[in-house]
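The structure file entry32.txt is reproduced below (compact mmCIF, C-alpha atoms).
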# COMPACT_ATOMS: atom_id res chain seq x y z
CA MET A 1008 -24.85 -51.34 12.67
CA ALA A 1009 -24.62 -54.81 11.14
CA ALA A 1010 -23.04 -55.39 7.74
CA ILE A 1011 -25.30 -55.29 4.70
CA ASP A 1012 -25.61 -58.10 2.16
CA ALA A 1013 -24.94 -56.11 -1.01
CA ASP A 1014 -25.80 -59.09 -3.23
CA HIS A 1015 -29.33 -59.42 -1.87
CA PRO A 1016 -31.94 -57.28 -3.72
CA SER A 1017 -33.46 -56.08 -0.46
CA GLY A 1018 -30.09 -55.05 0.93
CA ARG A 1019 -30.95 -56.84 4.15
CA GLU A 1020 -28.61 -57.04 7.09
CA LEU A 1021 -26.38 -60.09 7.35
CA HIS A 1022 -26.88 -62.55 10.19
CA PRO A 1023 -24.27 -61.73 12.88
CA ALA A 1024 -22.33 -64.95 12.19
CA ALA A 1025 -22.24 -64.25 8.45
CA ALA A 1026 -21.25 -60.63 9.08
CA LEU A 1027 -18.39 -61.78 11.29
CA VAL A 1028 -17.15 -64.23 8.65
CA THR A 1029 -17.28 -61.54 5.96
CA ALA A 1030 -15.43 -59.02 8.10
CA ALA A 1031 -12.84 -61.55 9.27
CA THR A 1032 -12.17 -62.67 5.68
CA GLU A 1033 -11.50 -59.11 4.57
CA LEU A 1034 -9.27 -58.30 7.53
CA LEU A 1035 -7.32 -61.58 7.40
CA SER A 1036 -6.68 -61.05 3.70
CA ALA A 1037 -4.69 -57.94 4.60
CA GLN A 1038 -3.14 -58.81 7.97
CA PRO A 1039 -2.05 -61.86 9.97
CA PRO A 1040 -4.41 -63.27 12.63
CA SER A 1041 -2.28 -62.00 15.52
CA ALA A 1042 -2.67 -58.43 14.24
CA VAL A 1043 -6.47 -58.65 13.97
CA SER A 1044 -8.27 -58.56 17.31
CA GLY A 1045 -11.70 -60.01 17.94
CA ARG A 1046 -13.00 -56.56 18.83
CA ARG A 1047 -11.75 -55.20 15.53
CA ILE A 1048 -13.52 -57.97 13.61
CA ALA A 1049 -16.74 -57.33 15.55
CA ALA A 1050 -16.51 -53.60 14.88
CA ALA A 1051 -15.98 -54.20 11.15
CA ALA A 1052 -18.96 -56.58 11.15
CA GLY A 1053 -21.11 -54.08 13.02
CA VAL A 1054 -21.99 -56.52 15.79
CA ASN A 1055 -21.29 -56.86 19.50
CA TYR A 1056 -18.00 -58.49 20.42
CA ALA A 1057 -19.87 -61.15 22.40
CA GLN A 1058 -21.30 -62.50 19.10
CA ILE A 1059 -17.89 -64.01 18.30
CA HIS A 1060 -18.05 -66.21 21.39
CA ARG A 1061 -21.71 -66.96 20.88
CA HIS A 1062 -21.34 -68.23 17.31
CA PHE A 1063 -17.72 -69.45 17.15
CA GLY A 1064 -16.44 -69.84 20.70
CA SER A 1065 -13.32 -67.71 20.13
CA LYS A 1066 -11.52 -65.54 17.60
CA ARG A 1067 -9.23 -68.49 16.90
CA GLU A 1068 -12.17 -70.67 15.87
CA LEU A 1069 -13.59 -67.85 13.76
CA CYS A 1070 -10.26 -67.61 11.90
CA ARG A 1071 -10.24 -71.38 11.45
CA HIS A 1072 -13.80 -71.21 10.10
CA VAL A 1073 -12.78 -68.53 7.60
CA LEU A 1074 -9.89 -70.64 6.32
CA ASP A 1075 -12.02 -73.78 6.12
CA ARG A 1076 -14.77 -71.92 4.25
CA LEU A 1077 -12.32 -70.48 1.71
CA SER A 1078 -10.58 -73.84 1.39
CA ASP A 1079 -13.85 -75.67 0.73
CA ALA A 1080 -14.85 -73.14 -1.96
CA PHE A 1081 -11.45 -73.58 -3.60
CA VAL A 1082 -11.75 -77.39 -3.61
CA VAL A 1083 -15.20 -77.25 -5.25
CA ASP A 1084 -13.82 -75.02 -8.01
CA ALA A 1085 -10.49 -76.83 -8.41
CA PHE A 1086 -11.94 -80.34 -8.53
CA PRO A 1087 -14.95 -80.39 -10.88
CA PRO A 1088 -16.89 -83.69 -10.99
CA GLY A 1089 -14.64 -86.54 -12.13
CA ALA A 1090 -11.39 -84.56 -11.85
CA LEU A 1091 -8.40 -86.46 -10.46
CA VAL A 1092 -6.13 -83.44 -10.15
CA PRO A 1093 -7.05 -79.77 -9.60
CA THR A 1094 -7.66 -77.51 -12.56
CA PRO A 1095 -4.43 -75.56 -13.20
CA GLY A 1096 -4.62 -71.87 -12.33
CA THR A 1097 -7.67 -72.14 -10.06
CA VAL A 1098 -5.87 -70.39 -7.22
CA MET A 1099 -5.75 -67.24 -9.37
CA ARG A 1100 -9.55 -67.07 -9.08
CA HIS A 1101 -9.43 -67.36 -5.29
CA ASP A 1102 -7.40 -64.38 -4.18
CA PRO A 1103 -8.91 -64.21 -0.63
CA PHE A 1104 -8.04 -67.89 -0.06
CA MET A 1105 -4.48 -67.37 -1.25
CA ARG A 1106 -4.02 -64.20 0.81
CA VAL A 1107 -5.50 -65.60 4.04
CA LEU A 1108 -3.45 -68.80 3.71
CA THR A 1109 -0.30 -66.72 3.13
CA GLN A 1110 -0.98 -64.39 6.05
CA ILE A 1111 -1.35 -67.41 8.32
CA GLN A 1112 1.95 -68.85 7.08
CA LEU A 1113 3.68 -65.53 7.76
CA ASP A 1114 2.24 -65.19 11.24
CA GLN A 1115 4.56 -66.27 14.03
CA ALA A 1116 1.48 -66.87 16.22
CA THR A 1117 -0.32 -68.67 13.41
CA VAL A 1118 -3.68 -70.33 13.56
CA ASP A 1119 -3.16 -74.09 13.49
CA LEU A 1120 -3.96 -75.64 10.16
CA ARG A 1121 -5.73 -78.96 10.08
CA PRO A 1122 -3.13 -81.77 10.44
CA GLU A 1123 -4.48 -83.55 7.38
CA HIS A 1124 -4.86 -80.96 4.68
CA PRO A 1125 -7.65 -82.12 2.32
CA ILE A 1126 -6.49 -80.30 -0.82
CA ILE A 1127 -2.98 -81.76 -0.88
CA HIS A 1128 -4.12 -85.24 0.16
CA ARG A 1129 -6.74 -85.31 -2.58
CA TYR A 1130 -4.21 -83.98 -5.09
CA CYS A 1131 -1.69 -86.72 -4.26
CA ALA A 1132 -4.33 -89.46 -4.47
CA GLY A 1133 -5.52 -88.19 -7.84
CA LEU A 1134 -2.02 -87.95 -9.33
CA ARG A 1135 -1.23 -91.50 -8.17
CA THR A 1136 -4.32 -92.69 -10.03
CA LEU A 1137 -3.54 -90.61 -13.10
CA ARG A 1138 0.10 -91.74 -13.26
CA PRO A 1139 0.55 -95.05 -11.45
CA GLU A 1140 4.13 -95.36 -12.72
CA LEU A 1141 5.30 -92.55 -10.42
CA THR A 1142 7.07 -93.40 -7.19
CA PRO A 1143 5.66 -91.99 -3.93
CA ASP A 1144 8.54 -89.50 -3.83
CA ALA A 1145 7.81 -88.38 -7.39
CA VAL A 1146 4.11 -87.88 -6.60
CA ASP A 1147 4.84 -85.80 -3.51
CA THR A 1148 7.46 -83.75 -5.36
CA ALA A 1149 5.15 -83.04 -8.30
CA VAL A 1150 2.28 -81.97 -6.04
CA ALA A 1151 4.50 -79.78 -3.85
CA LEU A 1152 6.08 -78.17 -6.93
CA SER A 1153 2.68 -77.59 -8.57
CA CYS A 1154 1.31 -75.92 -5.42
CA ALA A 1155 4.46 -73.82 -5.03
CA LEU A 1156 4.38 -72.72 -8.67
CA GLN A 1157 0.79 -71.55 -8.51
CA LEU A 1158 0.99 -69.94 -5.09
CA GLY A 1159 4.30 -68.27 -5.89
CA VAL A 1160 3.06 -66.74 -9.14
CA SER A 1161 -0.16 -65.57 -7.46
CA ILE A 1162 1.63 -63.92 -4.54
CA HIS A 1163 4.61 -62.41 -6.37
CA ARG A 1164 3.01 -61.75 -9.74
CA THR A 1165 3.52 -57.96 -9.78
CA GLY A 1166 7.20 -58.00 -8.92
CA LEU A 1167 8.12 -61.02 -11.01
CA VAL A 1168 6.21 -59.86 -14.07
CA ARG A 1169 8.05 -56.56 -13.88
CA SER A 1170 11.40 -58.28 -13.38
CA VAL A 1171 11.03 -60.22 -16.65
CA GLY A 1172 9.53 -57.31 -18.60
CA LEU A 1173 6.04 -58.78 -19.15
CA GLU A 1174 3.91 -56.03 -17.56
CA ASP A 1175 1.64 -55.95 -20.62
CA ALA A 1176 1.37 -59.71 -21.02
CA ALA A 1177 -0.73 -60.85 -18.05
CA GLU A 1178 -2.71 -63.33 -20.15
CA LEU A 1179 0.50 -64.93 -21.42
CA VAL A 1180 1.82 -65.33 -17.86
CA ASP A 1181 -1.39 -67.09 -16.82
CA ARG A 1182 -1.51 -69.24 -19.95
CA GLU A 1183 2.09 -70.36 -19.61
CA LEU A 1184 1.54 -71.25 -15.95
CA VAL A 1185 -1.45 -73.40 -16.86
CA LEU A 1186 0.61 -75.09 -19.59
CA THR A 1187 3.43 -75.85 -17.15
CA ILE A 1188 1.05 -77.46 -14.64
CA GLU A 1189 -0.68 -79.48 -17.37
CA GLN A 1190 2.73 -80.75 -18.55
CA LEU A 1191 3.65 -81.59 -14.96
CA HIS A 1192 0.44 -83.60 -14.52
CA ALA A 1193 0.96 -85.52 -17.75
CA GLY A 1194 4.75 -85.93 -17.60
CA ARG A 1195 5.26 -84.06 -20.87
CA GLY A 1196 7.57 -81.31 -22.06
CA PRO A 1197 10.25 -80.56 -19.46
CA PHE A 1198 8.76 -83.17 -17.15
CA SER A 1199 9.17 -86.07 -19.57
CA GLY A 1200 12.16 -88.36 -19.68
CA GLY A 1201 11.38 -91.15 -17.25
CA GLU A 1202 12.90 -91.41 -13.79
CA ILE A 1203 13.73 -88.14 -12.05
CA ALA A 1204 17.25 -88.38 -10.66
CA PRO A 1205 17.77 -86.15 -7.61
CA ARG A 1206 19.97 -83.13 -8.27
CA PRO A 1207 22.67 -82.15 -5.74
CA LEU A 1208 21.84 -78.88 -3.99
CA ARG A 1209 24.25 -76.05 -3.27
CA SER A 1210 23.91 -73.23 -0.78
CA ARG A 1211 26.58 -71.10 0.82
CA GLY A 1212 24.21 -69.97 3.55
CA PRO A 1213 24.01 -66.56 5.20
CA ARG A 1214 27.22 -64.66 5.76
CA PRO A 1215 27.95 -63.36 9.25
CA ALA A 1216 27.42 -59.63 9.56
CA ALA A 1217 30.59 -57.60 9.58
CA PRO A 1218 31.14 -55.58 12.75
CA SER A 1219 30.16 -51.94 12.31
CA CYS A 1220 32.65 -49.15 12.78
CA ALA A 1221 30.15 -46.42 11.91
CA THR A 1222 29.55 -43.51 14.27
CA GLY A 1223 27.26 -40.50 14.43
CA ARG A 1224 24.83 -40.17 11.54
CA ALA A 1225 26.09 -43.26 9.73
CA ARG A 1226 25.53 -45.35 12.85
CA ALA A 1227 21.99 -44.03 13.32
CA GLU A 1228 21.16 -44.75 9.66
CA GLU A 1229 22.60 -48.24 10.02
CA ARG A 1230 20.49 -48.94 13.09
CA LEU A 1231 17.30 -47.69 11.41
CA VAL A 1232 17.85 -49.89 8.35
CA ALA A 1233 18.64 -52.89 10.58
CA ALA A 1234 15.43 -52.26 12.53
CA ALA A 1235 13.46 -52.10 9.29
CA VAL A 1236 15.01 -55.39 8.14
CA GLU A 1237 13.80 -57.07 11.34
CA LEU A 1238 10.31 -55.59 11.08
CA LEU A 1239 9.83 -56.51 7.41
CA ALA A 1240 10.32 -60.16 8.33
CA SER A 1241 7.24 -60.01 10.56
CA ARG A 1242 4.82 -57.49 9.04
CA THR A 1243 3.82 -55.60 5.91
CA PRO A 1244 5.37 -52.21 5.09
CA ALA A 1245 2.06 -50.39 5.55
CA SER A 1246 1.81 -51.63 9.15
CA ILE A 1247 5.27 -50.33 10.10
CA SER A 1248 5.19 -46.78 11.46
CA GLY A 1249 8.09 -44.42 11.76
CA ARG A 1250 7.78 -44.47 15.53
CA GLN A 1251 8.04 -48.27 15.52
CA LEU A 1252 11.20 -48.02 13.43
CA ALA A 1253 12.72 -45.45 15.76
CA SER A 1254 11.79 -47.44 18.86
CA ARG A 1255 13.26 -50.67 17.46
CA ALA A 1256 16.44 -48.85 16.40
CA GLY A 1257 16.76 -46.97 19.69
CA VAL A 1258 17.03 -43.56 18.01
CA ASN A 1259 15.04 -40.36 18.06
CA TYR A 1260 11.99 -40.41 15.78
CA GLY A 1261 12.97 -37.08 14.20
CA LEU A 1262 16.13 -38.61 12.78
CA ILE A 1263 14.08 -40.63 10.28
CA HIS A 1264 12.91 -37.49 8.51
CA HIS A 1265 16.21 -35.71 9.04
CA TYR A 1266 18.31 -38.50 7.51
CA PHE A 1267 15.90 -40.33 5.16
CA GLY A 1268 13.01 -37.97 4.48
CA SER A 1269 10.37 -40.59 5.37
CA ALA A 1270 9.85 -44.00 6.93
CA SER A 1271 9.11 -45.35 3.44
CA GLU A 1272 12.66 -44.57 2.37
CA VAL A 1273 14.04 -46.47 5.37
CA LEU A 1274 11.92 -49.46 4.34
CA SER A 1275 13.10 -49.14 0.73
CA GLN A 1276 16.73 -49.21 1.80
CA ALA A 1277 16.03 -52.13 4.12
CA SER A 1278 14.36 -54.14 1.39
CA ARG A 1279 17.30 -53.54 -0.94
CA HIS A 1280 19.64 -54.57 1.86
CA ILE A 1281 17.72 -57.85 2.34
CA ARG A 1282 17.88 -58.53 -1.39
CA ASP A 1283 21.60 -57.83 -1.61
CA GLN A 1284 22.34 -59.95 1.46
CA TYR A 1285 20.75 -62.99 -0.15
CA TYR A 1286 22.24 -62.51 -3.59
CA THR A 1287 25.80 -61.75 -2.49
CA ALA A 1288 25.76 -64.67 -0.05
CA GLU A 1289 24.60 -67.22 -2.62
CA ALA A 1290 25.96 -65.97 -5.96
CA GLY A 1291 29.43 -65.27 -7.30
CA PRO A 1292 31.25 -64.41 -10.55
CA GLY A 1293 29.37 -66.35 -13.23
CA LEU A 1294 27.55 -68.30 -10.52
CA LEU A 1295 23.82 -68.10 -9.86
CA PRO A 1296 22.31 -69.06 -6.50
CA GLY A 1297 21.62 -72.78 -6.21
CA PHE A 1298 18.12 -74.23 -6.32
CA PHE A 1299 16.34 -73.87 -2.97
CA SER A 1300 19.16 -71.79 -1.51
CA MET A 1301 16.36 -69.47 -0.34
CA GLN A 1302 15.69 -72.04 2.37
CA ALA A 1303 18.75 -70.71 4.18
CA HIS A 1304 17.40 -67.14 3.99
CA PRO A 1305 13.90 -67.18 5.49
CA GLY A 1306 14.09 -63.46 6.30
CA TYR A 1307 14.47 -62.68 2.59
CA VAL A 1308 11.45 -64.80 1.66
CA ARG A 1309 9.27 -63.44 4.45
CA ALA A 1310 10.16 -59.81 3.76
CA LEU A 1311 9.60 -60.27 0.04
CA THR A 1312 6.18 -61.78 0.69
CA HIS A 1313 5.15 -59.03 3.10
CA VAL A 1314 6.06 -56.46 0.47
CA ALA A 1315 4.14 -58.36 -2.21
CA LEU A 1316 0.99 -58.65 -0.08
CA ASP A 1317 1.18 -54.95 0.69
CA ALA A 1318 1.45 -54.01 -3.00
CA LYS A 1319 4.45 -51.80 -2.18
CA LEU A 1320 6.77 -53.09 -4.86
CA ALA A 1321 7.09 -49.69 -6.48
CA MET A 1322 8.54 -48.48 -3.20
CA ALA A 1323 10.64 -51.54 -2.54
CA GLY A 1324 12.45 -51.73 -5.86
CA ASP A 1325 13.59 -54.84 -7.72
CA HIS A 1326 13.83 -57.81 -5.36
CA PHE A 1327 14.66 -60.38 -8.00
CA PRO A 1328 18.33 -59.99 -8.98
CA VAL A 1329 18.41 -63.75 -9.56
CA VAL A 1330 15.86 -63.41 -12.36
CA SER A 1331 17.76 -60.47 -13.84
CA ALA A 1332 20.98 -62.49 -13.75
CA MET A 1333 19.29 -65.46 -15.44
CA LEU A 1334 17.98 -63.19 -18.19
CA ASP A 1335 21.44 -61.67 -18.71
CA ARG A 1336 23.02 -65.12 -18.96
CA HIS A 1337 20.35 -66.19 -21.45
CA ARG A 1338 21.09 -63.15 -23.61
CA SER A 1339 24.81 -63.94 -23.64
CA ARG A 1340 24.20 -67.56 -24.70
CA HIS A 1341 21.00 -67.55 -26.75
CA GLY A 1342 20.12 -63.94 -27.57
CA GLU A 1343 17.07 -62.07 -26.38
CA PRO A 1344 14.69 -64.45 -24.54
CA SER A 1345 11.19 -64.91 -25.91
CA PRO A 1346 8.17 -64.03 -23.76
CA GLN A 1347 7.63 -67.75 -23.16
CA ARG A 1348 11.21 -68.14 -21.90
CA ARG A 1349 10.73 -65.15 -19.60
CA CYS A 1350 7.68 -66.88 -18.17
CA ARG A 1351 9.81 -69.94 -17.38
CA TYR A 1352 12.28 -67.83 -15.42
CA LEU A 1353 9.42 -66.19 -13.58
CA GLN A 1354 7.93 -69.58 -12.69
CA VAL A 1355 11.21 -71.03 -11.42
CA ALA A 1356 11.76 -68.07 -9.09
CA ALA A 1357 8.13 -68.10 -7.90
CA ALA A 1358 8.21 -71.83 -7.14
CA GLN A 1359 11.25 -71.52 -4.89
CA LEU A 1360 9.81 -68.55 -2.99
CA ALA A 1361 6.53 -70.32 -2.25
CA TRP A 1362 8.29 -73.63 -1.51
CA SER A 1363 10.27 -71.91 1.23
CA LEU A 1364 7.34 -69.88 2.59
CA PHE A 1365 4.89 -72.79 2.74
CA GLU A 1366 7.36 -75.37 4.03
CA PRO A 1367 5.52 -75.77 7.38
CA LEU A 1368 2.22 -76.41 5.58
CA PHE A 1369 3.77 -78.87 3.11
CA THR A 1370 5.67 -80.68 5.86
CA THR A 1371 2.44 -81.19 7.80
CA ALA A 1372 0.45 -82.23 4.74
CA PHE A 1373 3.03 -84.68 3.38
CA ARG A 1374 3.98 -85.93 6.86
CA ARG A 1375 7.65 -85.69 5.98
CA SER A 1376 10.42 -83.12 5.89
CA LEU A 1377 10.16 -81.09 2.70
CA CYS A 1378 13.94 -81.04 2.34
CA GLU A 1379 13.73 -84.73 1.33
CA LEU A 1380 11.94 -83.67 -1.86
CA GLU A 1381 14.14 -80.72 -2.80
CA PRO A 1382 16.81 -82.62 -4.81
CA MET A 1383 14.10 -84.16 -7.02
CA ALA A 1384 12.25 -80.84 -7.32
CA ALA A 1385 15.53 -79.16 -8.30
CA THR A 1386 15.85 -81.61 -11.19
CA LEU A 1387 12.40 -80.64 -12.46
CA LEU A 1388 13.23 -76.94 -12.18
CA ALA A 1389 16.48 -77.51 -14.06
CA ARG A 1390 14.57 -79.27 -16.84
CA MET A 1391 12.26 -76.26 -17.09
CA LEU A 1392 15.35 -74.18 -17.89
CA ASN A 1393 16.84 -76.65 -20.39
CA PHE A 1394 15.65 -74.70 -23.40
CA GLU A 1395 17.09 -76.74 -26.26
CA LYS A 1396 15.72 -80.10 -25.09
CA TYR A 1397 12.41 -78.96 -23.59
CA PRO A 1398 10.78 -76.12 -25.54
CA SER A 1399 8.24 -74.15 -23.51
CA SER A 1400 5.42 -74.59 -25.96
Could you write out this file's structure as C-alpha cells?
Amino acid sequence: MAAIDADHPSGRELHPAAALVTAATELLSAQPPSAVSGRRIAAAAGVNYAQIHRHFGSKRELCRHVLDRLSDAFVVDAFPPGALVPTPGTVMRHDPFMRVLTQIQLDQATVDLRPEHPIIHRYCAGLRTLRPELTPDAVDTAVALSCALQLGVSIHRTGLVRSVGLEDAAELVDRELVLTIEQLHAGRGPFSGGEIAPRPLRSRGPRPAAPSCATGRARAEERLVAAAVELLASRTPASISGRQLASRAGVNYGLIHHYFGSASEVLSQASRHIRDQYYTAEAGPGLLPGFFSMQAHPGYVRALTHVALDAKLAMAGDHFPVVSAMLDRHRSRHGEPSPQRRCRYLQVAAAQLAWSLFEPLFTTAFRRSLCELEPMAATLLARMLNFEKYPSS
C-alpha cells in the first residue's frame, strides 16, 4: 500500500516517487545510508522496489535527491530575498536536513556530496560583500565557525544544555546562539578588535593503550567494553544488539547479562570510557584540553554524535567533562556563571565537536584543508571566553 499524503484533504495516495522521497527522508534521518537498503525504503513507502530504479536510477541517487531537496528548502528559508548571509538559527527549524547531513558525515560508505556546496559558497560570497575588509582566510574561518556553532548546538543540544544546567532555558540557548552569529557577521562583541591573529594550538594526542593483564571475568568485561567502543564509532546505540557486542568481543552472549545486566550497560560503560580517554589524554592538573584537540580523537566525536542522534544521553551519562571543568574554573575565578556565560561555554564545546565531525564537508566546500583555519578559529573561540573584555550581551 502506497504512503498517504496526510496534508491533503482527500488523504490521497502519494505518487510513488514522492512516497519514496518521504520514506527515505524519515529513514535517513535516523540511520546512515549504508544501513538503509533500497528494499527497506520501498517497503516503508509502500511501493515496489523497482520504482526506485524507475524514478531515481538507484538508491544512491535517491539519497542524493533527498539531501538536495532538504538543502534547497534550507537555502530558501536561510536566505530570504536580499539577504547576504543566512538568517542565524535557521538550521534549528530544519531538523531533518541537519540529521540527514549528519548521518551522511558519520557514514563510512557515505553518499558523495556535491563538490561545490551551494550553501557554504553563497555564505562566503555574502560575507565578503557584507565585510569587504576581511581577508579570504578570515571569511572562510568565520563561515566555518558559524556553521559549526549552529550544527553543533543543534546536534548536541540535549547533552550540552544538561552539562551547563540550562535544561529549563531552551529559549535562552537559542537566543544566545542567534546573538553570537549576528555578532560574528557584524564583527561586534567578542569578534571585534580588528585583525584576528592566529592562536597556537596544543594537543597531546591519543595515549597508547596500556597492555591488559586482566584474566577471567575482568578480561571478558574488558573485551565487551572495547567492542562497544569500536561499535559506537560507527553506529547509534539503538542499532547495536547484544549479540553484535558479544560477536565483536569474541565472548559468549550470555556473559553480557551475567556481568553487566544488559547491553545498554555495556554501552554506558563504553561511552564513559571514550569520554575519559579523551579528557585524560588532553587535560592535566589545572590544564584544559586545547582548542580543536578533538581533531586527534575522531572516535570520541563520532561516538558522541551517534549517542546524540539516538537520544540516549540519559543512558550514556555526561560526555562533556571539558564543559564541567570550564564551569568549575569560572566559579573559582569569577563566582557562579550567569546563564549567558553558560551558553558561551556550551557554544564553544559545540563548535569544536561539529568542526571535527564536518571536516570532510568543509574541506570540500572551502577547497582547502580545514586545519589551516583552526589557529584563527581558536582565536575567535578564545575571545568568546574572554568575559571581562567581551560581555556576552
ask   = Mind pulling up the distance from atom CA of Leu1380 of chain A to atom CA of Gly1291 of chain A?
value =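 One can read the atom CA of Gly1291 of chain A to atom CA of Leu1380 of chain A distance as 26.0 Å.
Take atom CA of Glu1237 of chain A and atom CA of Pro1213 of chain A: the distance between them is 15.2 Å.
A straight line drawn from atom CA of Gly1212 of chain A to atom CA of Ala1303 of chain A is 5.5 Å long.
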Edge lengths and centre in Å, axis-aligned, segment 1134-1143 of chain A plus 6 Å each side, as lines of an AutoDock Vina configuration file:
center_x = 1.4
center_y = -91.7
center_z = -8.6
size_x = 23.4
size_y = 19.4
size_z = 21.3
request  = Using only C-alpha atoms, pick whichever of A:Ile1281, A:Ala1227, A:Leu1035, A:Ala1245 has the shortest atom-to-atom distance to Gly1257 of chain A.
outcome  =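 For Gly1257 of chain A, the nearest of the candidates is A:Ala1227.
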message = Need the shell around segment 1137-1150 of chain A: protein/DNA/RNA residues with any atom at most 9 Å away, counting all atoms listed in the file. Skip same-chain ones fewer than 5 positions apart. Format as a list of chain:residue names?
response = A:Leu1091, A:Val1092, A:Ile1127, A:Tyr1130, A:Cys1131, A:Ala1132, A:Ala1155, A:Leu1191, A:His1192, A:Ala1193, A:Gly1194, A:Glu1202, A:Ile1203, A:Phe1373, A:Leu1377, A:Glu1379, A:Leu1380, A:Glu1381, A:Met1383, A:Ala1384, A:Leu1387
With C-alpha atoms retained, write the just-selected residues as a PDB file, in the coordinates of the input.
ATOM      1  CA  LEU A1091      -8.400 -86.460 -10.460  1.00  0.00           C
ATOM      2  CA  VAL A1092      -6.130 -83.440 -10.150  1.00  0.00           C
ATOM      3  CA  ILE A1127      -2.980 -81.760  -0.880  1.00  0.00           C
ATOM      4  CA  TYR A1130      -4.210 -83.980  -5.090  1.00  0.00           C
ATOM      5  CA  CYS A1131      -1.690 -86.720  -4.260  1.00  0.00           C
ATOM      6  CA  ALA A1132      -4.330 -89.460  -4.470  1.00  0.00           C
ATOM      7  CA  ALA A1155       4.460 -73.820  -5.030  1.00  0.00           C
ATOM      8  CA  LEU A1191       3.650 -81.590 -14.960  1.00  0.00           C
ATOM      9  CA  HIS A1192       0.440 -83.600 -14.520  1.00  0.00           C
ATOM     10  CA  ALA A1193       0.960 -85.520 -17.750  1.00  0.00           C
ATOM     11  CA  GLY A1194       4.750 -85.930 -17.600  1.00  0.00           C
ATOM     12  CA  GLU A1202      12.900 -91.410 -13.790  1.00  0.00           C
ATOM     13  CA  ILE A1203      13.730 -88.140 -12.050  1.00  0.00           C
ATOM     14  CA  PHE A1373       3.030 -84.680   3.380  1.00  0.00           C
ATOM     15  CA  LEU A1377      10.160 -81.090   2.700  1.00  0.00           C
ATOM     16  CA  GLU A1379      13.730 -84.730   1.330  1.00  0.00           C
ATOM     17  CA  LEU A1380      11.940 -83.670  -1.860  1.00  0.00           C
ATOM     18  CA  GLU A1381      14.140 -80.720  -2.800  1.00  0.00           C
ATOM     19  CA  MET A1383      14.100 -84.160  -7.020  1.00  0.00           C
ATOM     20  CA  ALA A1384      12.250 -80.840  -7.320  1.00  0.00           C
ATOM     21  CA  LEU A1387      12.400 -80.640 -12.460  1.00  0.00           C
TER      22      LEU A1387
END
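Nearest to Ile1247 of chain A of all the residues A:Arg1336, A:His1313, A:Arg1129, A:His1062 is A:His1313, counting all atoms listed in the file.
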message = Just want the 6 Å neighbourhood of Arg1309 of chain A, counted on all atoms listed in the file, with same-chain residues fewer than 3 positions away dropped. Output as a list in words.
response =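 My list of contacting residues is Ala1240, Gly1306 and Thr1312 of chain A.
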Writer output for current selection, C-alpha atoms, as a PDB file, keeping the file's coordinate frame:
ATOM      1  CA  ALA A1240      10.320 -60.160   8.330  1.00  0.00           C
ATOM      2  CA  GLY A1306      14.090 -63.460   6.300  1.00  0.00           C
ATOM      3  CA  THR A1312       6.180 -61.780   0.690  1.00  0.00           C
TER       4      THR A1312
END
Neighbours of segment 1342-1344 of chain A within 12 Å (only C-alpha atoms; same-chain residues fewer than 2 positions away dropped), as a PDB file with C-alpha atoms, keeping the file's coordinate frame?
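Final file, around-v4.pdb:
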ATOM      1  CA  VAL A1171      11.030 -60.220 -16.650  1.00  0.00           C
ATOM      2  CA  GLY A1172       9.530 -57.310 -18.600  1.00  0.00           C
ATOM      3  CA  LEU A1173       6.040 -58.780 -19.150  1.00  0.00           C
ATOM      4  CA  SER A1331      17.760 -60.470 -13.840  1.00  0.00           C
ATOM      5  CA  MET A1333      19.290 -65.460 -15.440  1.00  0.00           C
ATOM      6  CA  LEU A1334      17.980 -63.190 -18.190  1.00  0.00           C
ATOM      7  CA  ASP A1335      21.440 -61.670 -18.710  1.00  0.00           C
ATOM      8  CA  ARG A1336      23.020 -65.120 -18.960  1.00  0.00           C
ATOM      9  CA  HIS A1337      20.350 -66.190 -21.450  1.00  0.00           C
ATOM     10  CA  ARG A1338      21.090 -63.150 -23.610  1.00  0.00           C
ATOM     11  CA  SER A1339      24.810 -63.940 -23.640  1.00  0.00           C
ATOM     12  CA  ARG A1340      24.200 -67.560 -24.700  1.00  0.00           C
ATOM     13  CA  PRO A1346       8.170 -64.030 -23.760  1.00  0.00           C
ATOM     14  CA  GLN A1347       7.630 -67.750 -23.160  1.00  0.00           C
ATOM     15  CA  ARG A1348      11.210 -68.140 -21.900  1.00  0.00           C
ATOM     16  CA  ARG A1349      10.730 -65.150 -19.600  1.00  0.00           C
ATOM     17  CA  CYS A1350       7.680 -66.880 -18.170  1.00  0.00           C
ATOM     18  CA  ARG A1351       9.810 -69.940 -17.380  1.00  0.00           C
ATOM     19  CA  TYR A1352      12.280 -67.830 -15.420  1.00  0.00           C
ATOM     20  CA  LEU A1392      15.350 -74.180 -17.890  1.00  0.00           C
ATOM     21  CA  PHE A1394      15.650 -74.700 -23.400  1.00  0.00           C
ATOM     22  CA  SER A1399       8.240 -74.150 -23.510  1.00  0.00           C
TER      23      SER A1399
END
Can you build me a table of segment 1024-1065 of chain A residues sitting at most 8 Å from segment 1105-1113 of chain A, with the closest atom pair per residue and its distance in Å to one decimal, using all atoms listed in the file, sorted by chain and residue number, as JSON lines?
{"residue": "A:Thr1032", "atom": "CA", "partner": "A:Val1107", "partner_atom": "CA", "distance": 7.5}
{"residue": "A:Leu1035", "atom": "CA", "partner": "A:Val1107", "partner_atom": "CA", "distance": 5.5}
{"residue": "A:Ser1036", "atom": "CA", "partner": "A:Val1107", "partner_atom": "CA", "distance": 4.7}
{"residue": "A:Ala1037", "atom": "CA", "partner": "A:Arg1106", "partner_atom": "CA", "distance": 7.3}
{"residue": "A:Gln1038", "atom": "CA", "partner": "A:Gln1110", "partner_atom": "CA", "distance": 6.3}
{"residue": "A:Pro1039", "atom": "CA", "partner": "A:Gln1110", "partner_atom": "CA", "distance": 4.8}
{"residue": "A:Pro1040", "atom": "CA", "partner": "A:Ile1111", "partner_atom": "CA", "distance": 6.7}
query = Looking at A:Val1054, A:His1060, A:Ser1271, A:Thr1136, which one is nearest to Ala1090 of chain A, with distances taken over all atoms listed in the file?
reply = A:Thr1136
key: Minimum-distance residue to Val1355 of chain A, chosen among A:His1163, A:His1264, A:Arg1169, A:Arg1071 (using all atoms listed in the file)   = A:His1163
message = Nearest residue to Glu1366 of chain A out of A:Met1301, A:Val1073, A:Leu1353, A:Ala1026, using only C-alpha atoms?
response =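 Smallest separation from Glu1366 of chain A among the options: A:Met1301.
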